[in-house]
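Okay, start_21.cif now, which holds mmCIF, C-alpha atoms:
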```cif
data_final
loop_
_atom_site.label_atom_id
_atom_site.label_comp_id
_atom_site.auth_asym_id
_atom_site.auth_seq_id
_atom_site.Cartn_x
_atom_site.Cartn_y
_atom_site.Cartn_z
CA MET F 24 -43.66 -4.40 -1.51
CA LYS F 25 -40.31 -3.97 -3.18
CA PRO F 26 -37.48 -4.99 -0.90
CA THR F 27 -34.82 -2.37 -0.22
CA ASP F 28 -31.26 -2.73 -1.48
CA GLU F 29 -30.10 -3.40 2.03
CA GLY F 30 -32.76 -6.05 2.46
CA LEU F 31 -31.55 -7.76 -0.70
CA VAL F 32 -27.97 -7.58 0.50
CA LYS F 33 -29.03 -9.22 3.71
CA ARG F 34 -30.89 -11.94 1.86
CA PHE F 35 -27.88 -12.52 -0.36
CA LEU F 36 -25.61 -12.83 2.65
CA GLU F 37 -28.03 -15.36 4.07
CA GLY F 38 -27.43 -17.50 1.01
CA ASP F 39 -30.01 -16.39 -1.54
CA GLN F 40 -28.01 -16.08 -4.75
CA ASN F 41 -30.87 -14.62 -6.72
CA SER F 42 -30.96 -11.52 -4.53
CA PHE F 43 -27.76 -10.41 -6.13
CA ASN F 44 -29.30 -10.70 -9.56
CA LEU F 45 -32.19 -8.55 -8.40
CA LEU F 46 -29.72 -5.96 -7.11
CA MET F 47 -27.86 -6.09 -10.37
CA TRP F 48 -30.99 -5.59 -12.48
CA ARG F 49 -31.94 -2.69 -10.31
CA TRP F 50 -28.57 -0.98 -10.61
CA GLU F 51 -27.25 -2.09 -13.98
CA LYS F 52 -28.78 0.77 -15.89
CA PRO F 53 -27.69 3.64 -13.64
CA LEU F 54 -24.25 2.15 -13.19
CA TYR F 55 -23.78 1.60 -16.91
CA HIS F 56 -24.91 5.13 -17.63
CA PHE F 57 -22.56 6.46 -15.03
CA ILE F 58 -19.55 4.56 -16.36
CA TYR F 59 -20.38 5.34 -19.94
CA ARG F 60 -20.59 9.04 -19.20
CA MET F 61 -17.33 8.87 -17.29
CA ILE F 62 -15.28 7.14 -19.97
CA GLY F 63 -17.30 7.78 -23.13
CA ASP F 64 -16.91 4.35 -24.70
CA GLN F 65 -19.89 2.04 -24.86
CA GLU F 66 -18.10 -1.27 -25.14
CA GLU F 67 -15.59 -0.44 -22.46
CA ALA F 68 -18.36 0.86 -20.27
CA ARG F 69 -20.24 -2.42 -20.60
CA ASP F 70 -17.16 -4.37 -19.61
CA LEU F 71 -16.35 -2.09 -16.70
CA CYS F 72 -19.94 -2.26 -15.51
CA GLN F 73 -19.81 -6.05 -15.47
CA GLU F 74 -16.45 -5.99 -13.77
CA SER F 75 -17.82 -3.64 -11.11
CA PHE F 76 -20.70 -5.98 -10.36
CA LEU F 77 -18.33 -8.91 -10.22
CA ARG F 78 -16.19 -7.06 -7.70
CA ALA F 79 -19.26 -6.16 -5.72
CA TYR F 80 -20.33 -9.81 -5.76
CA ARG F 81 -16.95 -10.95 -4.54
CA SER F 82 -16.63 -8.46 -1.76
CA LEU F 83 -20.23 -8.10 -0.66
CA ARG F 84 -19.38 -10.05 2.45
CA GLY F 85 -16.96 -7.28 3.31
CA PHE F 86 -19.62 -4.61 2.81
CA LYS F 87 -20.18 -3.21 6.27
CA GLN F 88 -23.53 -1.62 5.50
CA LYS F 89 -22.40 1.63 7.03
CA ALA F 90 -23.08 3.34 3.72
CA LYS F 91 -25.89 2.77 1.27
CA PHE F 92 -25.43 -0.12 -1.10
CA SER F 93 -25.66 2.24 -4.08
CA SER F 94 -22.91 4.50 -2.74
CA TRP F 95 -20.73 1.48 -2.21
CA LEU F 96 -21.43 0.35 -5.76
CA TYR F 97 -20.60 3.80 -7.10
CA LYS F 98 -17.35 3.73 -5.21
CA ILE F 99 -16.39 0.47 -6.90
CA ALA F 100 -17.35 1.89 -10.28
CA ILE F 101 -15.35 5.06 -9.67
CA ASN F 102 -12.29 2.98 -8.86
CA GLN F 103 -12.85 0.96 -12.02
CA CYS F 104 -13.06 4.10 -14.14
CA HIS F 105 -10.00 5.49 -12.46
CA SER F 106 -7.84 2.46 -13.09
CA TRP F 107 -9.18 2.24 -16.62
CA GLY F 108 -8.05 5.82 -17.20
CA ARG F 109 -4.63 5.07 -15.79
CA LYS F 110 -4.22 1.98 -17.93
CA ARG F 111 -5.28 3.99 -20.92
CA LYS F 112 -2.74 6.67 -20.20
CA ARG F 113 0.00 4.09 -20.00
CA ALA F 114 0.03 2.77 -23.52
CA ARG F 115 -2.22 2.98 -26.49
CA VAL F 116 -2.20 3.73 -30.14
CA ILE F 117 -4.13 6.70 -31.42
CA SER F 118 -4.15 8.51 -34.65
CA LEU F 119 -2.29 11.76 -35.00
CA SER F 120 -5.38 13.64 -36.08
CA GLU F 121 -6.99 12.88 -32.75
CA ILE F 122 -4.17 14.56 -30.92
CA ALA F 123 -4.41 17.50 -33.27
CA ARG F 124 -8.13 17.77 -32.63
CA GLY F 125 -7.55 17.23 -28.92
CA ASP F 126 -10.24 14.59 -28.53
CA GLU F 127 -8.14 11.68 -27.39
CA TYR F 128 -10.93 10.70 -25.07
CA ALA F 129 -13.50 10.51 -27.79
CA PRO F 130 -15.11 7.09 -28.01
CA ARG F 131 -13.95 4.56 -30.52
CA GLU F 132 -16.85 4.63 -32.96
CA GLU F 133 -16.48 8.37 -33.18
CA ARG F 134 -12.75 8.23 -33.76
CA GLU F 135 -13.31 5.78 -36.55
CA GLY F 136 -15.64 8.25 -38.17
CA ALA F 137 -19.39 8.32 -37.79
CA SER F 138 -19.87 5.98 -40.72
CA ASN F 139 -22.28 3.78 -38.82
CA SER F 140 -24.42 6.71 -37.73
CA PRO F 141 -28.10 5.85 -37.32
CA VAL F 142 -31.11 7.43 -38.92
CA GLU F 143 -30.77 10.94 -40.27
CA GLY F 144 -33.34 12.34 -37.84
CA ASN F 145 -31.12 11.36 -34.93
CA LEU F 146 -28.17 13.14 -36.39
CA GLU F 147 -28.78 16.46 -34.72
CA ARG F 148 -29.32 14.84 -31.35
CA ARG F 149 -26.20 12.79 -31.88
CA GLU F 150 -24.17 15.86 -32.68
CA ARG F 151 -25.31 17.53 -29.51
CA GLU F 152 -24.42 14.43 -27.52
CA ILE F 153 -20.97 14.31 -29.03
CA MET F 154 -20.50 17.95 -28.14
CA VAL F 155 -21.41 17.36 -24.51
CA ARG F 156 -19.33 14.23 -24.35
CA GLN F 157 -16.25 15.93 -25.75
CA ALA F 158 -16.66 18.91 -23.46
CA LEU F 159 -16.99 16.63 -20.44
CA ALA F 160 -13.96 14.63 -21.53
CA ARG F 161 -11.86 17.76 -21.48
CA LEU F 162 -12.65 18.52 -17.86
CA PRO F 163 -10.36 17.31 -15.07
CA GLU F 164 -11.51 13.93 -13.82
CA LYS F 165 -12.58 15.25 -10.43
CA GLN F 166 -14.89 17.86 -11.91
CA ARG F 167 -16.28 15.44 -14.47
CA LEU F 168 -17.05 12.96 -11.71
CA VAL F 169 -18.97 15.48 -9.61
CA ILE F 170 -20.91 16.79 -12.59
CA ILE F 171 -21.95 13.29 -13.67
CA LEU F 172 -22.88 12.20 -10.15
CA LYS F 173 -25.01 15.29 -9.64
CA GLU F 174 -26.49 15.94 -13.06
CA TYR F 175 -27.11 12.44 -14.32
CA GLN F 176 -27.06 10.16 -11.30
CA GLU F 177 -29.00 12.74 -9.29
CA LEU F 178 -27.22 12.07 -6.04
CA LYS F 179 -27.62 14.48 -3.17
CA PHE F 180 -24.70 16.75 -2.36
CA SER F 181 -24.28 15.05 0.99
CA GLU F 182 -24.19 11.64 -0.70
CA ILE F 183 -21.51 12.76 -3.14
CA ALA F 184 -19.54 14.26 -0.28
CA ARG F 185 -19.65 11.00 1.64
CA LEU F 186 -18.80 9.01 -1.45
CA LEU F 187 -15.76 11.09 -2.30
CA ARG F 188 -14.81 11.75 1.32
CA CYS F 189 -14.85 15.52 0.90
CA PRO F 190 -16.79 18.25 2.68
CA VAL F 191 -20.03 19.28 0.95
CA SER F 192 -18.60 22.74 0.33
CA THR F 193 -15.72 21.25 -1.66
CA ILE F 194 -18.14 19.25 -3.78
CA LYS F 195 -20.19 22.36 -4.50
CA SER F 196 -17.12 24.39 -5.41
CA ARG F 197 -15.90 21.62 -7.66
CA LEU F 198 -19.26 21.39 -9.38
CA TYR F 199 -19.32 25.15 -9.85
CA ALA F 200 -15.82 25.17 -11.31
CA GLY F 201 -16.71 22.27 -13.56
CA LEU F 202 -19.84 23.94 -14.88
CA VAL F 203 -18.05 27.20 -15.55
CA ALA F 204 -15.24 25.39 -17.35
CA MET F 205 -17.84 23.42 -19.26
CA SER F 206 -19.58 26.55 -20.47
CA SER F 207 -16.35 28.09 -21.73
CA ILE F 208 -15.37 24.86 -23.50
CA LEU F 209 -18.80 24.79 -25.14
CA ALA F 210 -18.49 28.41 -26.15
CA SER F 211 -15.13 27.84 -27.80
CA SER F 212 -16.22 24.63 -29.50
CA ALA F 213 -19.37 26.30 -30.80
CA VAL F 214 -17.15 28.63 -32.79
CA GLN F 215 -15.18 25.68 -34.17
CA GLN F 216 -18.33 23.69 -34.76
CA GLY F 217 -19.31 26.03 -37.58
CA LYS F 218 -16.01 25.50 -39.35
CA SER F 219 -15.71 21.76 -38.88
CA ALA F 220 -19.34 21.04 -39.68
CA ARG F 221 -18.84 22.50 -43.11
CA SER F 222 -15.63 20.58 -43.78
CA GLN F 223 -17.15 17.33 -42.48
CA ASN F 224 -20.11 17.68 -44.78
CA MET F 225 -17.80 18.06 -47.72
CA GLY F 226 -15.78 15.04 -46.65
CA GLY F 227 -18.96 13.03 -46.29
CA ARG F 228 -20.03 13.86 -49.79
CA GLN F 229 -16.67 12.81 -51.18
CA LEU F 230 -16.91 9.42 -49.51
CA MET Z 11 -20.94 37.47 1.56
CA LYS Z 12 -17.97 36.46 -0.49
CA CYS Z 13 -18.14 35.15 -4.05
CA LYS Z 14 -16.86 31.75 -2.90
CA GLU Z 15 -19.94 31.26 -0.75
CA SER Z 16 -22.20 32.65 -3.41
CA GLN Z 17 -20.83 30.09 -5.86
CA ARG Z 18 -21.85 27.26 -3.57
CA LEU Z 19 -25.28 28.77 -3.18
CA LEU Z 20 -25.59 29.14 -6.94
CA VAL Z 21 -24.89 25.46 -7.38
CA SER Z 22 -27.44 24.54 -4.74
CA TRP Z 23 -29.93 26.84 -6.42
CA LEU Z 24 -29.27 25.25 -9.79
CA TYR Z 25 -30.30 21.88 -8.39
CA GLY Z 26 -33.16 23.22 -6.35
CA GLU Z 27 -31.61 22.59 -2.98
CA LEU Z 28 -31.81 26.10 -1.57
CA SER Z 29 -33.66 27.21 1.54
CA ASP Z 30 -35.55 30.52 1.56
CA GLU Z 31 -32.95 32.07 3.80
CA GLU Z 32 -30.14 31.04 1.45
CA ARG Z 33 -32.09 32.25 -1.56
CA LYS Z 34 -32.31 35.72 0.01
CA GLN Z 35 -28.58 35.71 0.69
CA MET Z 36 -27.82 34.68 -2.86
CA GLU Z 37 -30.10 37.25 -4.44
CA GLY Z 38 -28.60 39.93 -2.24
CA HIS Z 39 -25.14 39.03 -3.41
CA LEU Z 40 -26.14 38.78 -7.07
CA SER Z 41 -27.64 42.26 -7.04
CA ARG Z 42 -24.27 43.57 -5.99
CA CYS Z 43 -21.86 41.34 -7.92
CA SER Z 44 -21.90 41.34 -11.70
CA HIS Z 45 -19.29 38.58 -11.88
CA CYS Z 46 -21.57 36.17 -10.08
CA ARG Z 47 -24.53 37.26 -12.19
CA GLN Z 48 -22.61 36.28 -15.29
CA ALA Z 49 -21.51 33.03 -13.68
CA LYS Z 50 -25.12 32.21 -12.91
CA GLU Z 51 -26.00 32.43 -16.56
CA LYS Z 52 -22.98 30.40 -17.56
CA ILE Z 53 -23.70 27.49 -15.27
CA GLN Z 54 -27.37 27.55 -16.18
CA GLN Z 55 -26.39 27.29 -19.80
CA ALA Z 56 -23.92 24.51 -19.09
CA LYS Z 57 -26.57 22.55 -17.22
CA GLY Z 58 -28.96 23.03 -20.09
CA THR Z 59 -26.41 21.53 -22.46
CA LEU Z 60 -25.69 18.63 -20.13
CA GLU Z 61 -29.37 17.76 -20.05
CA GLN Z 62 -29.27 17.09 -23.77
CA TRP Z 63 -27.07 14.07 -23.43
CA GLU Z 64 -29.29 11.07 -23.21
CA VAL Z 65 -27.76 7.64 -23.10
CA GLU Z 66 -29.55 4.69 -24.58
CA GLU Z 67 -30.92 2.09 -22.23
CA PRO Z 68 -28.65 -0.89 -21.92
CA SER Z 69 -29.90 -3.56 -24.29
CA TRP Z 70 -28.87 -6.41 -22.06
CA LYS Z 71 -29.49 -7.78 -18.64
CA SER Z 72 -26.74 -9.52 -16.72
CA VAL Z 73 -26.91 -12.42 -14.35
CA ILE Z 74 -24.25 -13.70 -12.09
CA LEU Z 75 -22.98 -17.22 -12.59
CA PRO Z 76 -21.67 -18.18 -9.20
CA GLY Z 77 -18.42 -20.08 -9.36
CA ARG Z 78 -15.69 -21.03 -7.01
CA GLU Z 79 -14.06 -17.85 -5.84
CA PRO Z 80 -10.40 -17.95 -4.93
CA ARG Z 81 -9.94 -18.29 -1.22
CA TRP Z 82 -7.01 -16.01 -0.95
CA ARG Z 83 -8.25 -12.46 -0.70
CA GLY Z 84 -5.07 -10.50 -0.05
CA TRP Z 85 -3.67 -9.20 3.19
CA TYR Z 86 -5.63 -5.99 3.01
CA TYR Z 87 -8.90 -7.87 3.23
CA TRP Z 88 -7.78 -9.85 6.23
CA LEU Z 89 -6.46 -6.89 8.14
CA PHE Z 90 -8.94 -4.14 7.28
CA GLY Z 91 -11.65 -5.77 5.24
CA GLY Z 92 -14.55 -7.90 6.19
CA ALA Z 93 -12.81 -10.78 7.91
CA THR Z 94 -14.27 -11.73 11.28
CA PRO Z 95 -12.30 -10.57 14.33
CA LEU Z 96 -11.04 -14.09 14.94
CA ARG Z 97 -9.75 -14.43 11.40
CA ARG Z 98 -8.30 -10.98 11.55
CA ALA Z 99 -6.45 -11.88 14.72
CA ALA Z 100 -5.15 -15.01 13.01
CA ALA Z 101 -3.99 -12.90 10.06
CA VAL Z 102 -2.19 -10.50 12.39
CA ALA Z 103 -0.59 -13.45 14.18
CA VAL Z 104 0.66 -14.95 10.92
CA MET Z 105 2.03 -11.60 9.83
CA VAL Z 106 3.80 -11.02 13.13
CA ALA Z 107 5.21 -14.54 12.99
CA VAL Z 108 6.55 -14.07 9.49
CA VAL Z 109 8.08 -10.69 10.26
CA GLY Z 110 9.41 -12.07 13.54
CA LEU Z 111 11.06 -15.03 11.85
CA VAL Z 112 12.76 -12.81 9.34
CA VAL Z 113 14.04 -10.43 12.00
CA PHE Z 114 15.02 -13.30 14.24
CA SER Z 115 17.03 -15.06 11.58
CA LEU Z 116 18.74 -11.78 10.73
CA LEU Z 117 19.66 -11.38 14.37
CA ASN Z 118 21.14 -14.85 14.33
CA LEU Z 119 23.28 -14.09 11.38
CA ARG Z 120 26.67 -15.57 12.01
CA VAL Z 121 29.77 -14.71 10.16
CA SER Z 122 32.69 -16.96 10.94
CA TYR Z 123 36.25 -16.77 9.81
CA ALA Z 124 38.24 -19.93 9.90
CA GLY Z 125 41.48 -20.70 8.15
CA GLY Z 126 41.09 -17.96 5.56
CA ASP Z 127 37.51 -18.87 4.65
CA VAL Z 128 34.68 -16.56 5.52
CA SER Z 129 31.38 -18.31 5.95
CA VAL Z 130 27.99 -16.72 6.59
CA GLY Z 131 25.34 -18.66 8.37
CA LEU Z 132 21.68 -17.73 8.74
CA SER Z 133 19.74 -19.82 11.17
CA LEU Z 134 16.29 -19.75 12.67
CA VAL Z 135 17.60 -21.36 15.84
CA PRO Z 136 19.98 -19.33 18.02
CA PRO Z 137 23.45 -20.78 18.12
CA ARG Z 138 23.93 -23.32 20.90
CA SER Z 139 27.09 -24.13 22.82
CA GLU Z 140 29.11 -26.58 20.87
CA VAL Z 141 32.41 -28.40 20.86
CA VAL Z 142 34.89 -27.30 18.32
CA ARG Z 143 37.97 -29.34 17.62
CA LEU Z 144 41.07 -27.30 17.09
CA ALA Z 145 44.22 -28.71 15.65
CA VAL Z 146 46.85 -28.76 18.36
CA ASP Z 147 50.38 -28.01 17.51
CA GLN Z 148 52.04 -30.35 20.02
CA GLU Z 149 55.49 -28.99 19.35
CA ALA Z 150 54.46 -25.37 19.97
CA LEU Z 151 52.63 -26.47 23.07
CA THR Z 152 55.69 -28.21 24.43
CA GLN Z 153 57.89 -25.26 23.58
CA GLU Z 154 55.63 -22.84 25.35
CA ARG Z 155 55.34 -25.10 28.36
CA LEU Z 156 59.10 -25.36 28.57
CA MET Z 157 59.41 -21.64 28.35
CA VAL Z 158 56.92 -21.12 31.12
CA GLN Z 159 58.64 -23.65 33.28
CA GLU Z 160 61.97 -21.99 32.69
CA GLU Z 161 60.52 -18.64 33.58
CA THR Z 162 59.00 -20.12 36.67
CA LEU Z 163 62.31 -21.57 37.73
CA ASP Z 164 63.97 -18.28 37.01
CA LEU Z 165 61.44 -16.50 39.18
CA VAL Z 166 61.92 -18.92 42.01
CA ASN Z 167 65.65 -18.38 41.74
CA LYS Z 168 65.19 -14.66 41.89
CA LEU Z 169 62.89 -15.17 44.83
CA MET Z 170 65.55 -17.00 46.72
CA LEU Z 171 68.07 -14.34 45.83
CA ALA Z 172 65.71 -11.66 46.96
CA TYR Z 173 65.09 -13.44 50.21
CA HIS Z 174 68.78 -13.67 50.84
CA GLN Z 175 69.07 -9.97 50.34
CA LYS Z 176 66.13 -9.55 52.78
CA GLN Z 177 64.06 -7.53 50.43
CA GLN Z 178 60.60 -8.52 51.53
CA GLU Z 179 58.70 -6.51 48.88
CA ASP Z 180 60.41 -8.29 46.09
CA LEU Z 181 59.37 -11.57 47.62
CA ALA Z 182 55.73 -10.56 47.40
CA THR Z 183 56.09 -9.36 43.83
CA ALA Z 184 57.78 -12.55 42.80
CA LEU Z 185 55.02 -14.63 44.35
CA GLN Z 186 52.42 -12.61 42.47
CA ARG Z 187 54.20 -13.20 39.22
CA ILE Z 188 54.39 -16.90 39.88
CA THR Z 189 50.64 -16.91 40.33
CA ALA Z 190 50.16 -14.95 37.10
CA GLN Z 191 52.32 -17.41 35.23
CA TRP Z 192 50.25 -20.25 36.50
CA GLN Z 193 47.10 -18.52 35.42
CA LEU Z 194 48.51 -18.10 31.95
CA LEU Z 195 49.44 -21.72 31.88
CA ARG Z 196 45.94 -22.64 32.87
CA ARG Z 197 44.49 -20.54 30.07
CA VAL Z 198 46.75 -22.10 27.48
CA ASP Z 199 45.64 -25.47 28.74
CA LEU Z 200 42.02 -24.57 28.42
CA GLU Z 201 42.51 -23.32 24.90
CA TYR Z 202 44.02 -26.59 23.80
CA ILE Z 203 41.79 -28.71 25.90
CA GLY Z 204 40.16 -30.16 22.83
CA ASP Z 205 43.03 -32.47 22.26
CA GLY Z 206 45.49 -34.25 24.51
CA PHE Z 207 43.70 -33.30 27.69
CA ASP Z 208 45.38 -36.02 29.69
CA THR Z 209 48.86 -35.04 28.61
CA ILE Z 210 48.28 -31.44 29.57
CA GLN Z 211 46.82 -32.42 32.90
CA GLN Z 212 49.77 -34.58 33.71
CA GLN Z 213 52.22 -31.92 32.69
CA THR Z 214 50.43 -29.32 34.73
CA TYR Z 215 50.41 -31.59 37.72
CA ARG Z 216 54.13 -32.16 37.40
CA ASP Z 217 54.81 -28.44 37.02
CA LEU Z 218 52.75 -27.71 40.05
CA GLN Z 219 54.61 -30.27 42.13
CA ARG Z 220 57.96 -28.94 41.07
CA THR Z 221 57.05 -25.38 41.96
CA ASN Z 222 55.70 -26.59 45.28
CA GLN Z 223 58.96 -28.29 46.01
CA LEU Z 224 60.84 -25.11 45.19
CA LEU Z 225 58.59 -23.01 47.37
CA ASN Z 226 58.96 -25.45 50.23
CA LEU Z 227 62.68 -25.19 49.81
CA VAL Z 228 62.44 -21.42 50.06
CA LEU Z 229 60.25 -21.66 53.15
CA THR Z 230 62.50 -24.13 55.00
CA SER Z 231 65.57 -22.09 54.25
CA ALA Z 232 63.75 -19.02 55.51
CA GLN Z 233 62.78 -20.77 58.74
CA GLU Z 234 66.40 -21.93 59.30
CA GLU Z 235 67.57 -18.39 58.77
CA LYS Z 236 65.18 -17.16 61.49
CA LYS Z 237 66.54 -19.59 63.99
#
```
When written as structure tokens, how does the structure in this file appear?
Amino acid sequence: MKPTDEGLVKRFLEGDQNSFNLLMWRWEKPLYHFIYRMIGDQEEARDLCQESFLRAYRSLRGFKQKAKFSSWLYKIAINQCHSWGRKRKRARVISLSEIARGDEYAPREEREGASNSPVEGNLERREREIMVRQALARLPEKQRLVIILKEYQELKFSEIARLLRCPVSTIKSRLYAGLVAMSSILASSAVQQGKSARSQNMGGRQL
Amino acid sequence: MKCKESQRLLVSWLYGELSDEERKQMEGHLSRCSHCRQAKEKIQQAKGTLEQWEVEEPSWKSVILPGREPRWRGWYYWLFGGATPLRRAAAVAVMVAVVGLVVFSLLNLRVSYAGGDVSVGLSLVPPRSEVVRLAVDQEALTQERLMVQEETLDLVNKLMLAYHQKQQEDLATALQRITAQWQLLRRVDLEYIGDGFDTIQQQTYRDLQRTNQLLNLVLTSAQEEKK
């Protein structure tokens, strides 16, 4: 029988170091996905994910087990993303064209141009992903957070509410507002997509 | 039902978390409200787009390499974090002690002014009684003593005069003033007591004797007068 998260936490607190590794292997994928979707940068997401686990490791003794281990882990990750965003706002160098295009939050490899794009067959999928990612990046952080927690992490509304210390109704309203905003961003970018796709193709051929 | 509630129901519906009762409510509202009908399509569409973003599996697996963690965890941990009650109490005690010491030393701030120099002292220990040596101006002391003695003699003279004129009230007043003068003298002595204590004591003793003699004189003359 697979031990529960809480059982592993208990075993770790009793001195079994390997239990933490088991917890980490169990949660590394969802946590990485979560962070990546929040910040949209693979390398940074990997670092933040590791940092989150390190923080969890250091403060697991302080974990009161009132909440689920996963919620606690998400909370750490949310804080990490938040401080990453703040740091990023403070000082960085970006190209002027990014500001003009309004995708300051676009991930690095994309900003540098999709020169290292994989196989042609993936291109369409990749384009769709980029579209979603850019649309999400334009949402306010609170709405983005709720959308990602619900849509991709598949948390229950009550879990999200507890995690963010808000009433369930607030979470639902926020999700609603986020989805509506998302659809209008997608609608407006779909119009632009036609224009920019053509110009990008031409640019690609020139290179 | 208001649109605000319907929006929450729509979201629940989108993620399949709607009870039959709520579904009826929502459908009722949607049949009446075109705005919410449109919104329903919008969020459905948005969700459909979101579903298309798949993230690759992480290509790595992490392990923790346990090392020595720093012992200091920050005050927040000790006060509100996972420290045991005993440790937390110790943390509170340390904090109170530190704050207390700071406040205490501020309370014991001493500013002294001596000979044109201002000095500020901050001490953890409250100031104790201490002996301070003051420079005594012997000349001034002698002058003042002489003056007091002269005044005393003058008073005694006046006293005698007043007695001769049989003005009893003045006698009382004069006696009071003699007492006051002696009190003053005593205070001056105490102020200069740091130096030349013996001299002052001797002088005072002599002054006292002289005044006593004078008073005796007054008394005997008064008794003779009565007879």
Practice problem: Specify as an NGL selection string all residues of chain Z found within 10 Å of chain F, counting all atoms listed in the file. | Solution: :Z and (14-22 or 24-25 or 27 or 49-57 or 59-76 or 79-80 or 83 or 87-88 or 90-94)
Selected residues written out, C-alpha atoms, as a PDB file, in the frame of the given file:
```pdb
ATOM      1  CA  LYS Z  14     -16.860  31.750  -2.900  1.00  0.00           C
ATOM      2  CA  GLU Z  15     -19.940  31.260  -0.750  1.00  0.00           C
ATOM      3  CA  SER Z  16     -22.200  32.650  -3.410  1.00  0.00           C
ATOM      4  CA  GLN Z  17     -20.830  30.090  -5.860  1.00  0.00           C
ATOM      5  CA  ARG Z  18     -21.850  27.260  -3.570  1.00  0.00           C
ATOM      6  CA  LEU Z  19     -25.280  28.770  -3.180  1.00  0.00           C
ATOM      7  CA  LEU Z  20     -25.590  29.140  -6.940  1.00  0.00           C
ATOM      8  CA  VAL Z  21     -24.890  25.460  -7.380  1.00  0.00           C
ATOM      9  CA  SER Z  22     -27.440  24.540  -4.740  1.00  0.00           C
ATOM     10  CA  LEU Z  24     -29.270  25.250  -9.790  1.00  0.00           C
ATOM     11  CA  TYR Z  25     -30.300  21.880  -8.390  1.00  0.00           C
ATOM     12  CA  GLU Z  27     -31.610  22.590  -2.980  1.00  0.00           C
ATOM     13  CA  ALA Z  49     -21.510  33.030 -13.680  1.00  0.00           C
ATOM     14  CA  LYS Z  50     -25.120  32.210 -12.910  1.00  0.00           C
ATOM     15  CA  GLU Z  51     -26.000  32.430 -16.560  1.00  0.00           C
ATOM     16  CA  LYS Z  52     -22.980  30.400 -17.560  1.00  0.00           C
ATOM     17  CA  ILE Z  53     -23.700  27.490 -15.270  1.00  0.00           C
ATOM     18  CA  GLN Z  54     -27.370  27.550 -16.180  1.00  0.00           C
ATOM     19  CA  GLN Z  55     -26.390  27.290 -19.800  1.00  0.00           C
ATOM     20  CA  ALA Z  56     -23.920  24.510 -19.090  1.00  0.00           C
ATOM     21  CA  LYS Z  57     -26.570  22.550 -17.220  1.00  0.00           C
ATOM     22  CA  THR Z  59     -26.410  21.530 -22.460  1.00  0.00           C
ATOM     23  CA  LEU Z  60     -25.690  18.630 -20.130  1.00  0.00           C
ATOM     24  CA  GLU Z  61     -29.370  17.760 -20.050  1.00  0.00           C
ATOM     25  CA  GLN Z  62     -29.270  17.090 -23.770  1.00  0.00           C
ATOM     26  CA  TRP Z  63     -27.070  14.070 -23.430  1.00  0.00           C
ATOM     27  CA  GLU Z  64     -29.290  11.070 -23.210  1.00  0.00           C
ATOM     28  CA  VAL Z  65     -27.760   7.640 -23.100  1.00  0.00           C
ATOM     29  CA  GLU Z  66     -29.550   4.690 -24.580  1.00  0.00           C
ATOM     30  CA  GLU Z  67     -30.920   2.090 -22.230  1.00  0.00           C
ATOM     31  CA  PRO Z  68     -28.650  -0.890 -21.920  1.00  0.00           C
ATOM     32  CA  SER Z  69     -29.900  -3.560 -24.290  1.00  0.00           C
ATOM     33  CA  TRP Z  70     -28.870  -6.410 -22.060  1.00  0.00           C
ATOM     34  CA  LYS Z  71     -29.490  -7.780 -18.640  1.00  0.00           C
ATOM     35  CA  SER Z  72     -26.740  -9.520 -16.720  1.00  0.00           C
ATOM     36  CA  VAL Z  73     -26.910 -12.420 -14.350  1.00  0.00           C
ATOM     37  CA  ILE Z  74     -24.250 -13.700 -12.090  1.00  0.00           C
ATOM     38  CA  LEU Z  75     -22.980 -17.220 -12.590  1.00  0.00           C
ATOM     39  CA  PRO Z  76     -21.670 -18.180  -9.200  1.00  0.00           C
ATOM     40  CA  GLU Z  79     -14.060 -17.850  -5.840  1.00  0.00           C
ATOM     41  CA  PRO Z  80     -10.400 -17.950  -4.930  1.00  0.00           C
ATOM     42  CA  ARG Z  83      -8.250 -12.460  -0.700  1.00  0.00           C
ATOM     43  CA  TYR Z  87      -8.900  -7.870   3.230  1.00  0.00           C
ATOM     44  CA  TRP Z  88      -7.780  -9.850   6.230  1.00  0.00           C
ATOM     45  CA  PHE Z  90      -8.940  -4.140   7.280  1.00  0.00           C
ATOM     46  CA  GLY Z  91     -11.650  -5.770   5.240  1.00  0.00           C
ATOM     47  CA  GLY Z  92     -14.550  -7.900   6.190  1.00  0.00           C
ATOM     48  CA  ALA Z  93     -12.810 -10.780   7.910  1.00  0.00           C
ATOM     49  CA  THR Z  94     -14.270 -11.730  11.280  1.00  0.00           C
TER      50      THR Z  94
END
```
Practice problem: Work out how far apart CA of Glu31 in chain Z and CA of Cys13 in chain Z are and give it in Å to one decimal. | Solution: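 So the answer is 17.0 Å.
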Quiz item: His105 in chain F: which residues within 9 Å, counting all atoms listed in the file, same-chain residues fewer than 5 positions away excluded, as a count of residues only?
Solution: 3
Practice problem: Could you check how far CA of Ala79 in chain F sits from CA of Leu36 in chain F, in Å to one decimal? | Solution: 12.4 Å
Exercise. Have a look at CA of Ala101 in chain Z and CA of Ser94 in chain F and let me know their distance in Å, one decimal.
Key: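 Spanning CA of Ala101 in chain Z to CA of Ser94 in chain F is a straight-line distance of 28.7 Å.
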Exercise. Return as a list in words the set of residues that the PyMOL selection byres ((chain F and resi 71) around 8) yields on the displayed structure.
Key: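 Evaluating the PyMOL selection byres ((chain F and resi 71) around 8) on this file yields Ile58, Glu67, Ala68, Arg69, Asp70, Cys72, Gln73, Glu74, Ser75, Ala100, Gln103 and Cys104 of chain F.
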